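Visitor: Attaching a single structure in structure tokens format; questions to follow.
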Amino acid sequence: MAMSFKKQKKGFTSFYMGIYGVWLVAFVVAPLLLLLVQSLQNQSHQFTLANYQDFFTSGSYLAMTFNSIWYAFLITVITLIFAYPTAYFLTTLKNKQFWLLMVILPTWINLLLKTYAFIGLLGQGGLVNSTLTAVGFHPIQLLFTDWSFLLVAAYVELPFMILPIFNALNEIDPLLTAASQDLGANSWQTLKKVIWPLSMPGVKAGIQAVFIPSLSLFMITRLIGGNRVITLGTAIEEHFLVTQNWAFGSTIGVILIVAMVITMLLTQDKKKGGRS
Amino acid sequence: MKKLRTPYLVLMFIILYLPIIYLVVYSFNSGTTMQGFAGFSFKHYNELWEDTRLIDIVFQTGIVALLSSLLATIIGTLGALAIFRVHRRAVKGALLSLNNVLLVSPDVIIGAAFLILFTTLKLSLGFVTVLLAHVAFSIPIVVLMVLPRLQEMNPDLILAAQDLGARPTQVLGQVTIPVITPGIIAGFFMALTYSLDDFAVTFFVTGNGFSTLAVEIYSRARQGVSLEINALSALIFLFSLLIAVGYYFINQLNRRQKAPELREKVK
Amino acid sequence: MVEETPILEFSQVALSFGDAEVLKKIDLALEAGKFYTLLGPSGSGKSTILKLISGQLQADSGKIYFEGKVINDVPAEKRRVNTVFQNYSLFPNMNVYDNVAFGPRLKKLPEGEIKEKVKEMLALVKLAGFEKREITELSGGQQQRVAIARALANDPEVLLLDEPLSALDYKLRKDMQQELRNIQKRLGITFVFVTHDQEEALAMSDWIFVMNDGLIQQNGTPEDIYDEPINHFVADFIGETNIVPGIMKEDYLVHFVGKDFENVDAGMRPNEQVEVVLRPEDLDLTDIDNGKLVVTIKDQSFRGDYYEIVAVDDDLNSWQVQATNPATIGARVGLTFDPEDIHIMRYNESEAAFDARLESYDEEEAEAALQAARDDQDGSGGHD
């Protein structure tokens, strides 16, 4: 009986692994390999490193890479600055789960709809400009600027930063706050010395959740940034869907993946937050 | 800091909802732009009602979302069970890393890689490729929602069931699945969210004959503003709000009724 | 009673959570340098008192004094008291050193001084050399010690301990009781210890507050509370007890289970309904003829150093007896006790009235007791 139970269980496990494994191979490993292979080919399907050479010797692509990372960094910092206090205050509310749901709700409205809303908000006669005019300022060009891109991207990513930080803060034992105050720390010191370090996993998860998608927000750059903000994401989209140069698009993709892995390693490695 | 709380949160919620409210308000505009409110009117809802192409696309989006979430939930749950039962730490770690690749990859790269994949397989781009892509990128989040439930589950439960003579199918159906159901449901909803929210991947892998709402809005927005879209946004927002509020209250009720029983189970 | 200013004082302090009255106008005064225990079942309000002292909670009404000054509005971080939390609440992101140094660092002491302080505190709780350990590497008992060291490193005037031993196993708990007592004596500061374990309270304290239902039921030395419980709750909560209804016919004469008994209590109205308390260790079994009561043995169990015997009298009152020798189940035997072992409790007597009554006949009691002992010399000499 025991043997057959074990055997049967093992059979099940192989079955699960089989189905899941098909997905892993077909949709994770294969596409990435294909991307890599594609990036190592020229237009006539011969093996070459030329694409990489082109990328790293082209001033405009290097600038674009720097630009992408810089914008993604800014978006991440802006959302973090706004998200952390929000998450912190939310955890102190009575019906915090309800309010958290209210933070999640906007994410159910498709990204494109929200971006579209900003076209109206930031346009010549939109809410922001009409408010400015009403208080006596001149209307300004908001749409199709770097700032509008940052604003919309940060807005779109904000809930994804709030969520993991909220979860991390919510898991902190409230008695630790009491203990800190008991030992003489005021609210600010408690936040700095106890709550912030303990919420680090959430902050890191939030950074990952925001930074990476921020590298590929090409629709926002197209609709709001007015093609002025060109990022690696935009470049990939252009090479695949406009100029049909898949090989070079793949090259940028592979470089982006490598950059991403490095970011992840940097944010993950310091598991023990010990002081020096 | 207490004094700051209310004004800060009020401000944040205003920021979070301002664009949405803006869309909704202008859906009732009798004018044709989002710049200046000309008067109240339902005419854009009428236009929406008569725009069968857009309505079809809404349904297509819904079908892709539901179907892909369902499939992703099944495969993801099996994946979580498989990973859970791997005992070698290195293998487990490797599987988890592979699992997370699609979660942490930028959408454009997933889109591009899938486009290459589908072209290599000579699949014609359309409903099938979009569905496959949505299933594929939703699976990892389901795994991540279900796996912790399995890890938190008391292993004695399974041993006890086994001890009482339950067969593996019975253990799975009567012990394991009920315990991890909250994770499975959470996974399903996350998959649904991912699918409904996606634009970039779909944009890469869809062909001429098939479109989802996001792709459609993208192409329309590039041509200029149409308040029909606002009307649609308003309806989607109302629908989401109803689901969210309904979900919250059902959850509250369940928690009140089931809390002791569940806690018992999880222990 | 207290001559100098108490270090801590509650005056009419009340607190409610919604409809639940957690504390009902509490008065208490603590002298510096003593070991106090708040004893009571869960929900009695004992931890609430601790949180009011530490500043984690604010009183609805009443005043809390620290060294004679009202501290109701002083925030927790400015109070010169520190807490050892029930589940230790050590900061998981810091090692042992950083946990203990947390308070001194906030005071901006020079790092050399902090180092000394941490070393001293860890030595005090017998964890010398544990500075670099992570919290997760410590056992429950060690975490407990770090929590104590961390609280003491702040040089508190009053150390509050919220059921700190409840998570430890029996042996470790016993050791820690002794050690806490030693630490308190060595440092000479005030300890306020919260527990629901009466044995722990009796073993450690200079002074015990017994709490129930948001009220202090009785306070006194462990001996006072054990020997002279004020009411049914205290008698029942502290130690094993036999409580039977009785009538106080006159001073020094009580009637229960159909008989009159001499005793050493006084100050009640004639023929007042009372409760009679007899501790199991004060009862002895003897043969029927020498017994003051006749009982039937129902049950017994061996407890290591004594036998716990349950017997029933003719009125069907159940009696617990601790005896050194085993009895025969079903046997009819005599039950005997001394007049001074009988303790009488009045229904609904306030603590103040109780204390006043005890005062009023203290001298007489001594005389009466002596008299009774002389009279009974040959009658019931069985008391060890």
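So you can find residues: chains in the structure tokens are A, B, ... in the order shown, residues in each start at 1, and ligands are numbered from 1 in order.
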Hey, what's within 12 Å of C:Leu15 if we count only C-alpha atoms and toss same-chain stuff fewer than 6 positions away? As a PyMOL selection string, please?
Guide: chain C and resi 21-26+45+48-49+51-52+57-63+214-215
Visitor: Could those residues be written to a file, using N, CA and C atoms, as an mmCIF file, in the first residue's frame?
Guide:
data_model
loop_
_atom_site.group_PDB
_atom_site.id
_atom_site.type_symbol
_atom_site.label_atom_id
_atom_site.label_comp_id
_atom_site.auth_asym_id
_atom_site.auth_seq_id
_atom_site.Cartn_x
_atom_site.Cartn_y
_atom_site.Cartn_z
ATOM 1 N N GLU C 21 -15.150 47.803 29.296
ATOM 2 C CA GLU C 21 -14.386 48.533 30.301
ATOM 3 C C GLU C 21 -13.203 47.678 30.691
ATOM 4 N N VAL C 22 -12.024 48.083 30.270
ATOM 5 C CA VAL C 22 -10.841 47.262 30.521
ATOM 6 C C VAL C 22 -10.280 47.543 31.910
ATOM 7 N N LEU C 23 -10.319 48.825 32.288
ATOM 8 C CA LEU C 23 -9.906 49.202 33.635
ATOM 9 C C LEU C 23 -10.978 50.080 34.240
ATOM 10 N N LYS C 24 -11.358 49.775 35.500
ATOM 11 C CA LYS C 24 -12.440 50.523 36.133
ATOM 12 C C LYS C 24 -11.897 51.311 37.309
ATOM 13 N N LYS C 25 -11.438 52.524 37.042
ATOM 14 C CA LYS C 25 -10.973 53.439 38.095
ATOM 15 C C LYS C 25 -10.022 52.774 39.081
ATOM 16 N N ILE C 26 -8.833 52.539 38.563
ATOM 17 C CA ILE C 26 -7.815 51.848 39.351
ATOM 18 C C ILE C 26 -6.990 52.838 40.160
ATOM 19 N N GLY C 45 -7.038 42.938 32.716
ATOM 20 C CA GLY C 45 -6.582 44.330 32.678
ATOM 21 C C GLY C 45 -5.145 44.506 33.115
ATOM 22 N N THR C 48 -2.928 45.840 30.397
ATOM 23 C CA THR C 48 -3.355 47.208 30.111
ATOM 24 C C THR C 48 -2.654 48.183 31.047
ATOM 25 N N ILE C 49 -2.548 47.814 32.309
ATOM 26 C CA ILE C 49 -1.848 48.676 33.271
ATOM 27 C C ILE C 49 -0.410 48.896 32.817
ATOM 28 N N LYS C 51 0.759 48.751 29.786
ATOM 29 C CA LYS C 51 0.807 49.594 28.599
ATOM 30 C C LYS C 51 0.513 51.052 28.949
ATOM 31 N N LEU C 52 -0.253 51.275 29.993
ATOM 32 C CA LEU C 52 -0.487 52.652 30.438
ATOM 33 C C LEU C 52 0.780 53.229 31.060
ATOM 34 N N LEU C 57 -0.546 52.909 25.718
ATOM 35 C CA LEU C 57 -1.966 53.245 25.735
ATOM 36 C C LEU C 57 -2.154 54.528 26.539
ATOM 37 N N GLN C 58 -3.249 55.242 26.243
ATOM 38 C CA GLN C 58 -3.567 56.457 26.985
ATOM 39 C C GLN C 58 -4.826 56.204 27.803
ATOM 40 N N ALA C 59 -4.815 56.679 29.048
ATOM 41 C CA ALA C 59 -5.975 56.497 29.915
ATOM 42 C C ALA C 59 -7.123 57.390 29.452
ATOM 43 N N ASP C 60 -8.371 56.888 29.593
ATOM 44 C CA ASP C 60 -9.536 57.720 29.290
ATOM 45 C C ASP C 60 -9.688 58.790 30.358
ATOM 46 N N SER C 61 -9.490 58.391 31.620
ATOM 47 C CA SER C 61 -9.623 59.338 32.725
ATOM 48 C C SER C 61 -8.696 58.897 33.845
ATOM 49 N N GLY C 62 -8.534 59.778 34.817
ATOM 50 C CA GLY C 62 -7.632 59.477 35.922
ATOM 51 C C GLY C 62 -6.229 59.972 35.631
ATOM 52 N N LYS C 63 -5.377 59.891 36.630
ATOM 53 C CA LYS C 63 -4.025 60.423 36.471
ATOM 54 C C LYS C 63 -2.980 59.354 36.782
ATOM 55 N N GLY C 214 -10.982 44.021 35.293
ATOM 56 C CA GLY C 214 -10.652 45.436 35.274
ATOM 57 C C GLY C 214 -10.513 46.072 36.639
ATOM 58 N N LEU C 215 -10.476 45.265 37.672
ATOM 59 C CA LEU C 215 -10.341 45.792 39.023
ATOM 60 C C LEU C 215 -9.211 45.091 39.747
#
Visitor: Give as a PDB file with N, CA and C atoms, in the first residue's frame every residue of chain B that touches chain A within 6 Å, counting only C-alpha atoms.
Guide:
ATOM      1  N   ARG B   5      -1.248  62.218   7.706  1.00  0.00           N
ATOM      2  CA  ARG B   5      -1.816  61.035   7.073  1.00  0.00           C
ATOM      3  C   ARG B   5      -3.007  61.335   6.163  1.00  0.00           C
ATOM      4  N   PRO B  19      -7.198  60.879 -13.533  1.00  0.00           N
ATOM      5  CA  PRO B  19      -7.327  60.566 -14.962  1.00  0.00           C
ATOM      6  C   PRO B  19      -8.602  59.771 -15.275  1.00  0.00           C
ATOM      7  N   LEU B  23     -11.743  60.974 -17.590  1.00  0.00           N
ATOM      8  CA  LEU B  23     -12.306  60.210 -18.715  1.00  0.00           C
ATOM      9  C   LEU B  23     -13.813  60.099 -18.575  1.00  0.00           C
ATOM     10  N   MET B  34     -11.731  66.391 -25.301  1.00  0.00           N
ATOM     11  CA  MET B  34     -11.567  66.428 -23.860  1.00  0.00           C
ATOM     12  C   MET B  34     -11.052  67.782 -23.413  1.00  0.00           C
ATOM     13  N   GLN B  35     -11.244  68.799 -24.244  1.00  0.00           N
ATOM     14  CA  GLN B  35     -10.771  70.131 -23.897  1.00  0.00           C
ATOM     15  C   GLN B  35     -11.984  71.047 -23.807  1.00  0.00           C
ATOM     16  N   LEU B  78      -0.489  23.216 -11.507  1.00  0.00           N
ATOM     17  CA  LEU B  78       0.292  21.990 -11.687  1.00  0.00           C
ATOM     18  C   LEU B  78       1.775  22.290 -11.523  1.00  0.00           C
ATOM     19  N   GLY B  79       2.201  23.431 -12.066  1.00  0.00           N
ATOM     20  CA  GLY B  79       3.604  23.824 -11.954  1.00  0.00           C
ATOM     21  C   GLY B  79       4.007  24.023 -10.505  1.00  0.00           C
ATOM     22  N   ALA B  82       4.380  20.734  -8.914  1.00  0.00           N
ATOM     23  CA  ALA B  82       5.615  20.094  -9.376  1.00  0.00           C
ATOM     24  C   ALA B  82       6.826  20.686  -8.661  1.00  0.00           C
ATOM     25  N   PRO B 106      10.905  42.768 -19.588  1.00  0.00           N
ATOM     26  CA  PRO B 106      10.091  43.846 -20.159  1.00  0.00           C
ATOM     27  C   PRO B 106       9.134  43.278 -21.213  1.00  0.00           C
ATOM     28  N   VAL B 108       8.125  44.332 -24.039  1.00  0.00           N
ATOM     29  CA  VAL B 108       8.544  44.350 -25.453  1.00  0.00           C
ATOM     30  C   VAL B 108       9.390  43.139 -25.784  1.00  0.00           C
ATOM     31  N   ILE B 109      10.227  42.727 -24.840  1.00  0.00           N
ATOM     32  CA  ILE B 109      11.086  41.581 -25.112  1.00  0.00           C
ATOM     33  C   ILE B 109      10.257  40.308 -25.187  1.00  0.00           C
ATOM     34  N   ALA B 113      10.157  38.162 -28.499  1.00  0.00           N
ATOM     35  CA  ALA B 113      10.581  36.763 -28.465  1.00  0.00           C
ATOM     36  C   ALA B 113       9.442  35.840 -28.900  1.00  0.00           C
ATOM     37  N   PHE B 114       8.229  36.132 -28.440  1.00  0.00           N
ATOM     38  CA  PHE B 114       7.080  35.317 -28.844  1.00  0.00           C
ATOM     39  C   PHE B 114       6.811  35.469 -30.338  1.00  0.00           C
ATOM     40  N   LEU B 117       9.126  33.279 -32.033  1.00  0.00           N
ATOM     41  CA  LEU B 117       8.698  31.891 -31.791  1.00  0.00           C
ATOM     42  C   LEU B 117       7.544  31.504 -32.722  1.00  0.00           C
ATOM     43  N   ASP B 197      -4.713  43.907 -18.705  1.00  0.00           N
ATOM     44  CA  ASP B 197      -3.859  45.079 -18.677  1.00  0.00           C
ATOM     45  C   ASP B 197      -2.824  45.071 -19.803  1.00  0.00           C
ATOM     46  N   ALA B 214      -6.826  47.136 -25.862  1.00  0.00           N
ATOM     47  CA  ALA B 214      -5.656  48.004 -25.706  1.00  0.00           C
ATOM     48  C   ALA B 214      -5.060  48.362 -27.059  1.00  0.00           C
TER      49      ALA B 214
END
Visitor: Which residues come within 8 Å of stretch 203-205 of chain B, counting only C-alpha atoms, excluding same-chain residues fewer than 2 positions away, as number ranges by chain?
Guide: A: 241; B: 108, 111-112, 114-115, 118, 125-126, 129-130, 133, 199-201, 207, 215
Visitor: Select from stretch 63-219 of chain C everything DSSP, run on the backbone, classes as strand (DSSP E), then give the selection as a ChimeraX atom specification.
Guide: /C:63-66,69-70,81-84,158-162,190-195,207-212,215-219
Visitor: Print the selection's residues with C-alpha atoms to a file, as a CSV table (one decimal), in the first residue's frame.
Guide:
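again_3.csv was written with the following content:
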chain,number,residue,atom,x,y,z
C,63,LYS,CA,-4.0,60.4,36.5
C,64,ILE,CA,-0.8,58.5,36.3
C,65,TYR,CA,2.1,59.9,38.3
C,66,PHE,CA,5.8,59.1,37.9
C,69,LYS,CA,4.6,64.2,38.3
C,70,VAL,CA,1.6,63.5,36.0
C,81,VAL,CA,10.5,53.0,32.0
C,82,ASN,CA,11.3,50.1,29.6
C,83,THR,CA,9.4,47.0,28.7
C,84,VAL,CA,10.4,43.3,28.2
C,158,VAL,CA,11.0,50.9,36.3
C,159,LEU,CA,11.3,47.7,34.2
C,160,LEU,CA,8.0,46.4,32.9
C,161,LEU,CA,7.8,42.7,32.1
C,162,ASP,CA,4.8,41.5,30.1
C,190,THR,CA,11.5,48.6,40.4
C,191,PHE,CA,10.1,45.6,38.5
C,192,VAL,CA,6.5,45.3,37.4
C,193,PHE,CA,5.9,41.8,36.3
C,194,VAL,CA,2.7,40.7,34.6
C,195,THR,CA,1.7,37.0,34.8
C,207,TRP,CA,4.0,42.6,46.5
C,208,ILE,CA,1.2,41.2,44.4
C,209,PHE,CA,-1.8,42.9,42.8
C,210,VAL,CA,-4.5,40.3,42.0
C,211,MET,CA,-6.6,41.5,39.1
C,212,ASN,CA,-9.9,40.5,37.7
C,215,LEU,CA,-10.3,45.8,39.0
C,216,ILE,CA,-7.6,45.2,41.6
C,217,GLN,CA,-9.2,42.5,43.7
C,218,GLN,CA,-6.5,42.5,46.4
C,219,ASN,CA,-2.9,43.6,46.9
Visitor: From the list A:Ala247, A:Ile81, A:Ile224, A:Leu198, which residue is nearest chain C when using only C-alpha atoms?
Guide: A:Leu198
Visitor: Within 12 Å of C:Val125, counting only C-alpha atoms, which residues qualify if same-chain residues fewer than 2 places away don't, as number ranges by chain?
Guide: C: 100, 118-123, 127-130, 141-153, 175-176, 178-184, 186
Visitor: Which one is closest to B:Thr119: B:Tyr26, B:Leu54, B:Ile15, B:Thr206? Count only C-alpha atoms.
Guide: B:Thr206
Visitor: Just need the residues of chain A within 8 Å of chain C, counting only C-alpha atoms, so spit them out as a PDB file with N, CA and C atoms, in the first residue's frame.
Guide:
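Dumped to iface-v4.pdb:
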ATOM      1  N   ASP A 173       5.687  43.232  12.639  1.00  0.00           N
ATOM      2  CA  ASP A 173       5.022  43.106  13.929  1.00  0.00           C
ATOM      3  C   ASP A 173       4.849  44.486  14.552  1.00  0.00           C
ATOM      4  N   LEU A 175       4.322  45.324  17.398  1.00  0.00           N
ATOM      5  CA  LEU A 175       4.993  45.431  18.689  1.00  0.00           C
ATOM      6  C   LEU A 175       6.428  45.921  18.539  1.00  0.00           C
ATOM      7  N   LEU A 176       7.024  45.725  17.343  1.00  0.00           N
ATOM      8  CA  LEU A 176       8.388  46.222  17.143  1.00  0.00           C
ATOM      9  C   LEU A 176       8.404  47.739  17.189  1.00  0.00           C
ATOM     10  N   ALA A 178       6.265  49.462  18.945  1.00  0.00           N
ATOM     11  CA  ALA A 178       6.089  49.740  20.372  1.00  0.00           C
ATOM     12  C   ALA A 178       7.421  49.580  21.101  1.00  0.00           C
ATOM     13  N   ALA A 179       8.174  48.531  20.748  1.00  0.00           N
ATOM     14  CA  ALA A 179       9.453  48.280  21.408  1.00  0.00           C
ATOM     15  C   ALA A 179      10.415  49.420  21.138  1.00  0.00           C
ATOM     16  N   GLN A 181       9.719  52.560  20.410  1.00  0.00           N
ATOM     17  CA  GLN A 181       9.328  53.755  21.162  1.00  0.00           C
ATOM     18  C   GLN A 181       9.624  53.573  22.640  1.00  0.00           C
ATOM     19  N   ASP A 182       9.415  52.354  23.101  1.00  0.00           N
ATOM     20  CA  ASP A 182       9.689  52.041  24.495  1.00  0.00           C
ATOM     21  C   ASP A 182      11.148  52.299  24.829  1.00  0.00           C
ATOM     22  N   LEU A 183      12.006  52.053  23.853  1.00  0.00           N
ATOM     23  CA  LEU A 183      13.443  52.233  24.079  1.00  0.00           C
ATOM     24  C   LEU A 183      13.887  53.674  23.837  1.00  0.00           C
ATOM     25  N   GLY A 184      12.943  54.547  23.525  1.00  0.00           N
ATOM     26  CA  GLY A 184      13.271  55.962  23.455  1.00  0.00           C
ATOM     27  C   GLY A 184      13.309  56.560  22.068  1.00  0.00           C
ATOM     28  N   ALA A 185      12.897  55.792  21.049  1.00  0.00           N
ATOM     29  CA  ALA A 185      12.922  56.328  19.696  1.00  0.00           C
ATOM     30  C   ALA A 185      11.619  57.069  19.410  1.00  0.00           C
ATOM     31  N   ASN A 186      11.714  58.258  18.805  1.00  0.00           N
ATOM     32  CA  ASN A 186      10.491  58.935  18.389  1.00  0.00           C
ATOM     33  C   ASN A 186      10.023  58.345  17.059  1.00  0.00           C
ATOM     34  N   VAL A 194      13.883  51.102  12.294  1.00  0.00           N
ATOM     35  CA  VAL A 194      13.192  49.814  12.400  1.00  0.00           C
ATOM     36  C   VAL A 194      12.334  49.531  11.176  1.00  0.00           C
ATOM     37  N   PRO A 197      14.279  49.588   7.428  1.00  0.00           N
ATOM     38  CA  PRO A 197      15.066  48.379   7.118  1.00  0.00           C
ATOM     39  C   PRO A 197      14.209  47.126   6.996  1.00  0.00           C
ATOM     40  N   LEU A 198      13.168  47.020   7.819  1.00  0.00           N
ATOM     41  CA  LEU A 198      12.355  45.812   7.758  1.00  0.00           C
ATOM     42  C   LEU A 198      11.468  45.773   6.519  1.00  0.00           C
ATOM     43  N   GLY A 273      21.360  42.693   5.538  1.00  0.00           N
ATOM     44  CA  GLY A 273      21.582  44.129   5.542  1.00  0.00           C
ATOM     45  C   GLY A 273      22.467  44.580   6.689  1.00  0.00           C
ATOM     46  N   GLY A 274      23.506  43.820   6.991  1.00  0.00           N
ATOM     47  CA  GLY A 274      24.374  44.168   8.114  1.00  0.00           C
ATOM     48  C   GLY A 274      25.190  45.413   7.831  1.00  0.00           C
TER      49      GLY A 274
END
